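Shown here: protein-v1.csv, CSV, C-alpha atoms.
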chain,number,residue,atom,x,y,z
Q,1,MET,CA,117.0,-72.0,-53.2
Q,2,ASP,CA,113.7,-70.9,-51.6
Q,3,VAL,CA,111.0,-73.1,-53.2
Q,4,ARG,CA,108.7,-70.1,-53.3
Q,5,PHE,CA,111.0,-68.5,-55.9
Q,6,VAL,CA,110.7,-71.5,-58.1
Q,7,ASN,CA,106.9,-71.6,-57.7
Q,8,ALA,CA,106.8,-67.9,-58.5
Q,9,PHE,CA,108.6,-68.5,-61.8
Q,10,VAL,CA,106.5,-71.5,-62.7
Q,11,GLY,CA,103.3,-69.3,-62.3
Q,12,SER,CA,104.9,-66.5,-64.2
Q,13,ILE,CA,106.1,-68.6,-67.2
Q,14,VAL,CA,102.6,-70.0,-67.6
Q,15,ASN,CA,100.9,-66.6,-67.3
Q,16,VAL,CA,103.3,-64.7,-69.6
Q,17,PHE,CA,103.2,-67.4,-72.4
Q,18,LYS,CA,99.4,-67.7,-72.1
Q,19,THR,CA,98.8,-64.0,-72.2
Q,20,MET,CA,101.5,-62.7,-74.6
Q,21,VAL,CA,102.5,-65.8,-76.7
Q,22,HIS,CA,99.0,-67.3,-76.8
Q,23,ALA,CA,100.6,-70.7,-75.9
Q,24,ASP,CA,100.0,-73.2,-73.1
Q,25,VAL,CA,103.1,-74.3,-71.3
Q,26,ALA,CA,103.3,-77.6,-69.5
Q,27,VAL,CA,105.9,-77.1,-66.8
Q,28,GLY,CA,108.0,-80.2,-65.8
Q,29,LYS,CA,109.7,-81.0,-62.6
Q,30,PRO,CA,112.5,-78.5,-61.7
Q,31,VAL,CA,115.9,-80.1,-61.5
Q,32,LEU,CA,119.3,-79.0,-60.4
Q,33,LYS,CA,121.6,-78.1,-63.3
Q,34,GLN,CA,124.6,-80.4,-63.3
Q,35,ASP,CA,126.9,-78.7,-65.8
Q,36,HIS,CA,127.7,-75.2,-67.0
Q,37,GLY,CA,127.4,-75.9,-70.7
Q,38,SER,CA,124.6,-74.7,-72.8
Q,39,ALA,CA,122.8,-76.6,-75.5
Q,40,ALA,CA,120.7,-73.5,-76.2
Q,41,ASP,CA,120.9,-71.5,-79.4
Q,42,VAL,CA,119.2,-68.4,-77.8
Q,43,SER,CA,119.3,-67.1,-74.3
Q,44,GLY,CA,117.3,-64.2,-72.8
Q,45,ILE,CA,119.1,-63.2,-69.6
Q,46,ILE,CA,117.9,-61.0,-66.7
Q,47,GLY,CA,119.8,-60.1,-63.6
Q,48,LEU,CA,118.2,-59.6,-60.2
Q,49,SER,CA,119.6,-57.4,-57.4
Q,50,GLY,CA,118.5,-56.2,-54.0
Q,51,ASP,CA,117.2,-58.6,-51.3
Q,52,VAL,CA,117.1,-61.4,-53.8
Q,53,GLN,CA,120.1,-61.7,-56.2
Q,54,GLY,CA,121.1,-63.8,-59.1
Q,55,CYS,CA,119.9,-64.4,-62.6
Q,56,VAL,CA,117.2,-65.9,-64.8
Q,57,VAL,CA,117.8,-67.4,-68.3
Q,58,LEU,CA,115.2,-68.3,-70.8
Q,59,SER,CA,117.1,-70.9,-72.9
Q,60,PHE,CA,115.7,-71.9,-76.3
Q,61,PRO,CA,116.7,-74.0,-79.3
Q,62,GLY,CA,116.7,-71.7,-82.3
Q,63,PRO,CA,113.4,-72.9,-83.9
Q,64,VAL,CA,111.5,-72.7,-80.6
Q,65,ALA,CA,112.8,-69.2,-80.0
Q,66,GLU,CA,111.7,-68.2,-83.4
Q,67,GLN,CA,108.2,-69.6,-82.9
Q,68,ALA,CA,107.9,-67.9,-79.4
Q,69,ALA,CA,109.2,-64.6,-80.7
Q,70,SER,CA,106.9,-64.7,-83.7
Q,71,LYS,CA,103.7,-65.5,-81.8
Q,72,PHE,CA,104.6,-62.8,-79.3
Q,73,ALA,CA,105.3,-60.1,-81.9
Q,74,GLY,CA,102.4,-61.2,-84.1
Q,75,THR,CA,104.7,-61.4,-87.1
Q,76,GLY,CA,107.3,-63.8,-88.4
Q,77,LEU,CA,110.7,-63.3,-86.7
Q,78,THR,CA,113.7,-65.4,-87.5
Q,79,THR,CA,116.9,-65.1,-85.5
Q,80,GLN,CA,118.3,-62.8,-88.2
Q,81,HIS,CA,115.4,-60.4,-87.9
Q,82,PRO,CA,116.3,-57.0,-86.2
Q,83,ASP,CA,113.4,-57.4,-83.8
Q,84,PHE,CA,114.1,-61.0,-82.8
Q,85,THR,CA,116.4,-60.2,-79.8
Q,86,ASP,CA,114.1,-57.4,-78.7
Q,87,ALA,CA,111.1,-59.9,-78.5
Q,88,ILE,CA,113.1,-62.6,-76.6
Q,89,GLY,CA,114.5,-59.9,-74.2
Q,90,GLU,CA,111.0,-58.6,-73.5
Q,91,LEU,CA,109.7,-62.1,-72.8
Q,92,ALA,CA,112.6,-62.6,-70.3
Q,93,ASN,CA,111.8,-59.3,-68.8
Q,94,MET,CA,108.1,-60.2,-68.4
Q,95,VAL,CA,108.9,-63.6,-66.9
Q,96,ALA,CA,111.3,-62.2,-64.4
Q,97,GLY,CA,109.2,-59.1,-63.6
Q,98,ASN,CA,106.0,-61.1,-63.2
Q,99,ALA,CA,107.7,-63.7,-60.9
Q,100,ARG,CA,108.7,-61.0,-58.5
Q,101,LYS,CA,105.1,-60.8,-57.4
Q,102,GLY,CA,105.8,-64.0,-55.5
Q,103,PHE,CA,108.8,-62.5,-53.7
Q,104,VAL,CA,106.6,-61.1,-51.0
Q,105,GLY,CA,108.4,-58.8,-48.6
Q,106,TYR,CA,111.6,-58.7,-50.6
Q,107,ASN,CA,112.8,-55.6,-52.4
Q,108,THR,CA,114.2,-56.8,-55.7
Q,109,LYS,CA,115.1,-55.0,-58.9
Q,110,ILE,CA,115.6,-56.6,-62.3
Q,111,SER,CA,118.1,-55.5,-65.0
Q,112,LEU,CA,117.5,-54.7,-68.6
Q,113,PRO,CA,117.5,-57.9,-70.6
Q,114,ASN,CA,120.5,-59.3,-72.5
Q,115,VAL,CA,120.0,-61.7,-75.4
Q,116,VAL,CA,122.7,-64.1,-76.7
Q,117,VAL,CA,122.2,-65.8,-80.1
Q,118,GLY,CA,124.5,-68.6,-81.3
Q,119,SER,CA,125.1,-72.3,-80.9
Q,120,ASN,CA,126.9,-73.4,-77.8
Q,121,HIS,CA,127.3,-69.9,-76.4
Q,122,ALA,CA,128.7,-69.4,-72.9
Q,123,GLU,CA,126.0,-69.2,-70.2
Q,124,PRO,CA,126.1,-66.8,-67.3
Q,125,GLN,CA,127.6,-68.2,-64.1
Q,126,SER,CA,126.1,-67.6,-60.7
Q,127,LYS,CA,128.0,-67.3,-57.5
Q,128,ALA,CA,124.8,-66.8,-55.6
Q,129,SER,CA,123.3,-70.2,-56.1
Q,130,PRO,CA,123.3,-73.3,-58.4
Q,131,PHE,CA,121.0,-73.1,-61.4
Q,132,ILE,CA,117.6,-74.8,-61.2
Q,133,ILE,CA,116.2,-75.8,-64.6
Q,134,ILE,CA,112.5,-75.5,-65.1
Q,135,PRO,CA,111.6,-77.5,-68.2
Q,136,CYS,CA,108.8,-76.0,-70.3
Q,137,GLU,CA,106.9,-77.9,-73.0
Q,138,THR,CA,104.9,-76.1,-75.6
Q,139,GLU,CA,103.1,-77.0,-78.9
Q,140,PHE,CA,106.1,-75.6,-80.7
Q,141,GLY,CA,108.8,-77.4,-78.7
Q,142,ARG,CA,110.7,-77.3,-75.4
Q,143,PHE,CA,112.6,-74.5,-73.8
Q,144,ASP,CA,114.1,-74.2,-70.3
Q,145,VAL,CA,113.9,-71.4,-67.7
Q,146,GLU,CA,117.1,-71.5,-65.6
Q,147,ILE,CA,117.1,-69.6,-62.3
Q,148,ALA,CA,119.9,-69.1,-59.8
Q,149,LEU,CA,118.7,-66.9,-56.9
Q,150,ALA,CA,119.7,-66.3,-53.3
Q,151,THR,CA,118.4,-64.1,-50.6
Q,152,VAL,CA,120.9,-61.6,-49.1
Q,153,SER,CA,118.4,-59.9,-46.8
Q,154,SER,CA,115.4,-61.2,-44.9
Q,155,PRO,CA,112.0,-59.8,-45.8
Q,156,ALA,CA,112.1,-57.6,-42.7
Q,157,GLY,CA,115.4,-56.1,-43.9
Q,158,SER,CA,117.9,-57.6,-41.5
Q,159,ALA,CA,121.0,-59.1,-43.0
Q,160,VAL,CA,121.0,-62.8,-42.9
Q,161,ARG,CA,123.4,-63.7,-45.8
Q,162,ALA,CA,121.8,-67.1,-46.4
Q,163,THR,CA,119.5,-68.9,-48.7
Q,164,ALA,CA,116.1,-69.4,-47.2
Q,165,GLY,CA,113.5,-72.2,-47.1
Q,166,ALA,CA,113.4,-75.6,-48.5
Q,167,ASP,CA,115.4,-76.8,-51.4
Q,168,ALA,CA,113.5,-76.8,-54.7
V,1,MET,CA,94.8,-37.1,-81.1
V,2,LYS,CA,98.6,-37.8,-80.9
V,3,ILE,CA,99.7,-40.6,-78.7
V,4,LEU,CA,103.3,-41.1,-77.5
V,5,LEU,CA,104.5,-44.7,-76.8
V,6,VAL,CA,107.6,-44.9,-74.6
V,7,ASP,CA,109.2,-48.3,-74.2
V,8,ASP,CA,112.6,-49.7,-75.0
V,9,SER,CA,111.0,-52.8,-76.6
V,10,ARG,CA,109.9,-52.2,-80.1
V,11,THR,CA,107.9,-55.4,-79.9
V,12,ILE,CA,105.8,-53.9,-77.0
V,13,ARG,CA,105.4,-50.6,-78.9
V,14,ASN,CA,104.1,-52.6,-81.9
V,15,ILE,CA,101.6,-54.5,-79.8
V,16,GLN,CA,100.5,-51.2,-78.2
V,17,LYS,CA,100.2,-49.6,-81.7
V,18,ASN,CA,98.0,-52.4,-82.9
V,19,THR,CA,95.7,-52.0,-79.9
V,20,LEU,CA,95.5,-48.2,-80.5
V,21,LYS,CA,94.8,-48.6,-84.2
V,22,SER,CA,91.9,-51.0,-83.3
V,23,LEU,CA,90.5,-48.1,-81.2
V,24,GLY,CA,90.9,-45.7,-84.1
V,25,TYR,CA,94.1,-43.9,-83.0
V,26,VAL,CA,96.6,-43.7,-85.8
V,27,ASP,CA,98.6,-40.6,-85.0
V,28,ILE,CA,101.3,-42.4,-82.9
V,29,LEU,CA,104.8,-41.3,-81.9
V,30,GLU,CA,107.4,-43.7,-80.5
V,31,ALA,CA,110.3,-43.2,-78.1
V,32,SER,CA,112.7,-45.8,-76.8
V,33,ASP,CA,113.5,-44.1,-73.5
V,34,GLY,CA,112.6,-41.1,-71.3
V,35,LEU,CA,115.1,-38.7,-72.9
V,36,GLU,CA,113.8,-39.4,-76.3
V,37,ALA,CA,110.2,-38.9,-75.0
V,38,LEU,CA,111.1,-35.6,-73.5
V,39,ASN,CA,112.4,-34.4,-76.8
V,40,PHE,CA,109.1,-35.2,-78.5
V,41,ILE,CA,107.1,-33.6,-75.7
V,42,SER,CA,109.1,-30.4,-75.8
V,43,LYS,CA,108.2,-30.0,-79.5
V,44,GLU,CA,104.5,-31.1,-79.4
V,45,ARG,CA,102.3,-32.0,-76.5
V,46,PRO,CA,100.7,-35.5,-77.0
V,47,GLY,CA,97.1,-36.2,-75.9
V,48,LEU,CA,98.2,-39.4,-74.1
V,49,ILE,CA,101.4,-41.2,-73.1
V,50,LEU,CA,101.9,-44.9,-72.5
V,51,MET,CA,105.2,-45.5,-70.8
V,52,ASP,CA,107.3,-48.3,-69.5
V,53,TRP,CA,109.1,-48.0,-66.1
V,54,ASN,CA,112.5,-49.7,-66.7
V,55,MET,CA,114.3,-48.1,-69.6
V,56,PRO,CA,117.9,-47.1,-70.3
V,57,ASN,CA,119.0,-43.4,-70.1
V,58,MET,CA,115.9,-42.1,-68.3
V,59,ASP,CA,113.3,-44.5,-66.7
V,60,GLY,CA,109.6,-44.0,-66.5
V,61,ILE,CA,109.4,-42.5,-63.0
V,62,ALA,CA,112.0,-39.9,-63.8
V,63,LEU,CA,110.1,-39.1,-67.0
V,64,ILE,CA,106.8,-38.6,-65.2
V,65,LYS,CA,108.4,-36.4,-62.6
V,66,LYS,CA,110.0,-34.3,-65.4
V,67,VAL,CA,106.7,-34.0,-67.3
V,68,ARG,CA,104.7,-33.1,-64.1
V,69,GLU,CA,107.0,-30.2,-63.4
V,70,THR,CA,105.3,-28.3,-66.2
V,71,ASP,CA,102.2,-30.3,-67.1
V,72,LYS,CA,99.9,-31.7,-64.5
V,73,ALA,CA,97.1,-32.6,-66.9
V,74,LEU,CA,98.7,-34.7,-69.6
V,75,PRO,CA,97.2,-38.2,-69.3
V,76,ILE,CA,99.9,-40.9,-68.6
V,77,ILE,CA,99.5,-44.7,-68.4
V,78,MET,CA,102.3,-46.7,-67.0
V,79,VAL,CA,102.7,-50.1,-68.7
V,80,THR,CA,105.2,-52.2,-66.8
V,81,THR,CA,106.3,-55.5,-65.1
V,82,GLU,CA,106.5,-53.6,-61.8
V,83,ALA,CA,103.5,-55.2,-60.1
V,84,GLU,CA,104.2,-54.7,-56.4
V,85,LYS,CA,101.8,-52.5,-54.5
V,86,SER,CA,104.7,-50.2,-53.3
V,87,ARG,CA,105.7,-49.6,-56.9
V,88,VAL,CA,102.1,-48.8,-58.0
V,89,ILE,CA,101.9,-46.3,-55.1
V,90,GLU,CA,105.2,-44.8,-56.1
V,91,ALA,CA,104.0,-44.3,-59.7
V,92,VAL,CA,100.7,-42.8,-58.6
V,93,LYS,CA,102.5,-40.4,-56.3
V,94,ALA,CA,104.8,-39.4,-59.2
V,95,GLY,CA,101.7,-38.6,-61.2
V,96,VAL,CA,100.5,-41.5,-63.4
V,97,ASN,CA,96.8,-41.6,-64.2
V,98,ASN,CA,96.5,-45.3,-64.8
V,99,TYR,CA,98.5,-48.5,-64.5
V,100,VAL,CA,98.8,-51.7,-66.6
V,101,VAL,CA,100.9,-54.6,-65.5
V,102,LYS,CA,102.7,-56.7,-68.1
V,103,PRO,CA,101.8,-59.2,-69.3
V,104,PHE,CA,98.5,-57.7,-70.5
V,105,THR,CA,95.8,-58.6,-73.0
V,106,ALA,CA,94.8,-56.3,-75.8
V,107,ASP,CA,91.4,-56.0,-74.2
V,108,THR,CA,92.9,-54.9,-70.8
V,109,LEU,CA,95.1,-52.3,-72.5
V,110,ALA,CA,92.2,-51.0,-74.6
V,111,GLU,CA,90.0,-50.7,-71.5
V,112,LYS,CA,92.6,-48.8,-69.5
V,113,ILE,CA,93.1,-46.4,-72.5
V,114,LYS,CA,89.4,-45.7,-72.8
V,115,GLN,CA,89.0,-45.4,-69.0
V,116,THR,CA,91.9,-42.9,-68.8
V,117,LEU,CA,90.7,-40.7,-71.6
V,118,SER,CA,87.1,-40.7,-70.4
V,119,ARG,CA,88.3,-39.6,-66.9
V,120,VAL,CA,90.3,-36.8,-68.4
V,121,THR,CA,87.4,-35.7,-70.6
V,122,ALA,CA,85.1,-35.7,-67.6
V,123,ALA,CA,87.6,-33.8,-65.4
V,124,SER,CA,88.1,-31.1,-68.1
V,125,ALA,CA,84.3,-30.7,-68.5
V,126,THR,CA,83.8,-29.8,-64.8
Show the structure stored in the file as structure tokens.
Amino acid sequence: MDVRFVNAFVGSIVNVFKTMVHADVAVGKPVLKQDHGSAADVSGIIGLSGDVQGCVVLSFPGPVAEQAASKFAGTGLTTQHPDFTDAIGELANMVAGNARKGFVGYNTKISLPNVVVGSNHAEPQSKASPFIIIPCETEFGRFDVEIALATVSSPAGSAVRATAGADA
Amino acid sequence: MKILLVDDSRTIRNIQKNTLKSLGYVDILEASDGLEALNFISKERPGLILMDWNMPNMDGIALIKKVRETDKALPIIMVTTEAEKSRVIEAVKAGVNNYVVKPFTADTLAEKIKQTLSRVTAASAT
């Protein structure tokens, strides 16, 4: 995976959480995901299409997701609240959308968000690329941002059908 | 003045509502997509629209184009994650008056709202 994509997400996570959740995020070293299981209780999922394809997952333990959603919405939101999935979905939307600023020259669209709530739920699989996990530590606990992205067109528009750049 | 918020996220509409209330605007309508917004607009013209770009059923660009077929003056602010220059140009060509990139602070949103309404007031006075 192009390291610029990982860097774009790191910047976006910090910016979105600082601005909308009023929380500082300490981003750890990105690592390659070794298995397809999920220890997450809540996942906010965004698909990307166009020159860069794949998906992004904001992956939270339940209590961390509740804190993040509550701070974002400005009101207490448990996983049972009707606005909980909306808040997590919008956070995922902002993280993915904001990261695209770093995809200079690539024409990429993002999907509407999907949110899955429940212990040990199945995570999306990616044929495009293995998932990279970006660990994120906050004052209310840890969550992960998992990204699996591959370029299918060069920035100039010619088809190259390959991942670009250095490994993250 | 009536203000119409168009966003498929209720969380974002609530955040926008709080900002508008802090500015003294309390007459606020909400729509979750472009089609619902068109329905509101056909019944009563709002004084300002804040709209998202990516929404189900009808997106923000399609909504702006539809509105501009009959109303060139209605102030519209796009509030979106679409930050690329080409997207901003596309929105301006379609007819938005101002543009706010998500994530945004309450101060940024308030400033853009005041800026947009003052421009419209100044234009209508000339």
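Using only C-alpha atoms, the shortest contact distance between chain V and any of Q:Ser154, Q:Gln34, Q:Thr75, Q:Ser119 is found at Q:Thr75.
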Legend entry - Of the listed residues V:Asp8, V:Asp33, V:Glu111, V:Asp71, that which approaches chain Q most closely, counting all atoms listed in the file: V:Asp8
Inset, instruction - Dig up all the protein and nucleic acid residues within 9 Å of (114.8, -68.3, -68.5) in the file frame, using only C-alpha atoms, and format them as a PyMOL selection string. - result: chain Q and resi 13+43-46+55-60+92+95-96+133-134+143-147
Inset, instruction - Give as a ChimeraX atom specification every residue of chain Q that touches chain V within 12 Å, counting all atoms listed in the file. - result: /Q:12-22,69-77,82-113
Which polymer residues, whether protein, DNA or RNA, lie within 8 Å of the coordinate (109.3, -41.8, -68.5) when you count only C-alpha atoms? List them as a PDB file with C-alpha atoms, keeping the file's coordinate frame, using the chain letters and numbers from the file.
ATOM      1  CA  VAL V   6     107.600 -44.900 -74.600  1.00  0.00           C
ATOM      2  CA  ASP V  33     113.500 -44.100 -73.500  1.00  0.00           C
ATOM      3  CA  GLY V  34     112.600 -41.100 -71.300  1.00  0.00           C
ATOM      4  CA  LEU V  35     115.100 -38.700 -72.900  1.00  0.00           C
ATOM      5  CA  ALA V  37     110.200 -38.900 -75.000  1.00  0.00           C
ATOM      6  CA  MET V  51     105.200 -45.500 -70.800  1.00  0.00           C
ATOM      7  CA  ASP V  52     107.300 -48.300 -69.500  1.00  0.00           C
ATOM      8  CA  TRP V  53     109.100 -48.000 -66.100  1.00  0.00           C
ATOM      9  CA  MET V  58     115.900 -42.100 -68.300  1.00  0.00           C
ATOM     10  CA  ASP V  59     113.300 -44.500 -66.700  1.00  0.00           C
ATOM     11  CA  GLY V  60     109.600 -44.000 -66.500  1.00  0.00           C
ATOM     12  CA  ILE V  61     109.400 -42.500 -63.000  1.00  0.00           C
ATOM     13  CA  ALA V  62     112.000 -39.900 -63.800  1.00  0.00           C
ATOM     14  CA  LEU V  63     110.100 -39.100 -67.000  1.00  0.00           C
ATOM     15  CA  ILE V  64     106.800 -38.600 -65.200  1.00  0.00           C
TER      16      ILE V  64
END
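Among the candidate residues V:Lys93, V:Met1, V:Lys65, V:Ser42, the one lying nearest to Leu23 (chain V) is V:Met1, with distances computed using only C-alpha atoms.
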Inset, instruction - Fewer than 2 positions away in the same chain doesn't count, so skip those; otherwise give me all residues within 8 Å of Lys2 (chain V), counting all atoms listed in the file, as a list in words. - result: Leu4, Tyr25, Val26, Asp27, Ile28, Leu29, Pro46, Gly47 and Leu48 of chain V
Mind dumping the selected residues with C-alpha atoms as a PDB file, in the frame of the given file?
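Below you can see part16.pdb, which holds the result:
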ATOM      1  CA  LEU V   4     103.300 -41.100 -77.500  1.00  0.00           C
ATOM      2  CA  TYR V  25      94.100 -43.900 -83.000  1.00  0.00           C
ATOM      3  CA  VAL V  26      96.600 -43.700 -85.800  1.00  0.00           C
ATOM      4  CA  ASP V  27      98.600 -40.600 -85.000  1.00  0.00           C
ATOM      5  CA  ILE V  28     101.300 -42.400 -82.900  1.00  0.00           C
ATOM      6  CA  LEU V  29     104.800 -41.300 -81.900  1.00  0.00           C
ATOM      7  CA  PRO V  46     100.700 -35.500 -77.000  1.00  0.00           C
ATOM      8  CA  GLY V  47      97.100 -36.200 -75.900  1.00  0.00           C
ATOM      9  CA  LEU V  48      98.200 -39.400 -74.100  1.00  0.00           C
TER      10      LEU V  48
END
Centre and edge lengths, as lines of an AutoDock Vina configuration file, for the axis-aligned box enclosing every listed atom of region 32-46 of chain V with 6 Å of padding on each of the six sides, in Å to one decimal?
center_x = 107.9
center_y = -37.9
center_z = -75.4
size_x = 26.4
size_y = 27.8
size_z = 20.2
Legend entry - Nearest to Ala110 (chain V), chosen from V:Lys66, V:Asn39, V:Ile89, V:Ile77, with all atoms listed in the file counted in the distances: V:Ile77
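Using all atoms listed in the file for every distance, the candidate list Q:Val3, Q:Ile132, Q:Val152, Q:Ala65 yields Q:Ile132 as the residue closest to Val31 (chain Q).
The gap separating CA of Glu123 (chain Q) from CA of Asp35 (chain Q) is 10.5 Å, in Å to one decimal.
Reported to one decimal place, the separation of CA of Gln67 (chain Q) from CA of Val116 (chain Q) is 16.7 Å.
Here CA of Val92 (chain V) and CA of Asn114 (chain Q) stand 29.3 Å from one another.
Between Val100 (chain V) and the residues V:Ile76, V:Thr70, V:Ala123, V:Leu117, the shortest atom-to-atom distance, using only C-alpha atoms, involves V:Ile76.
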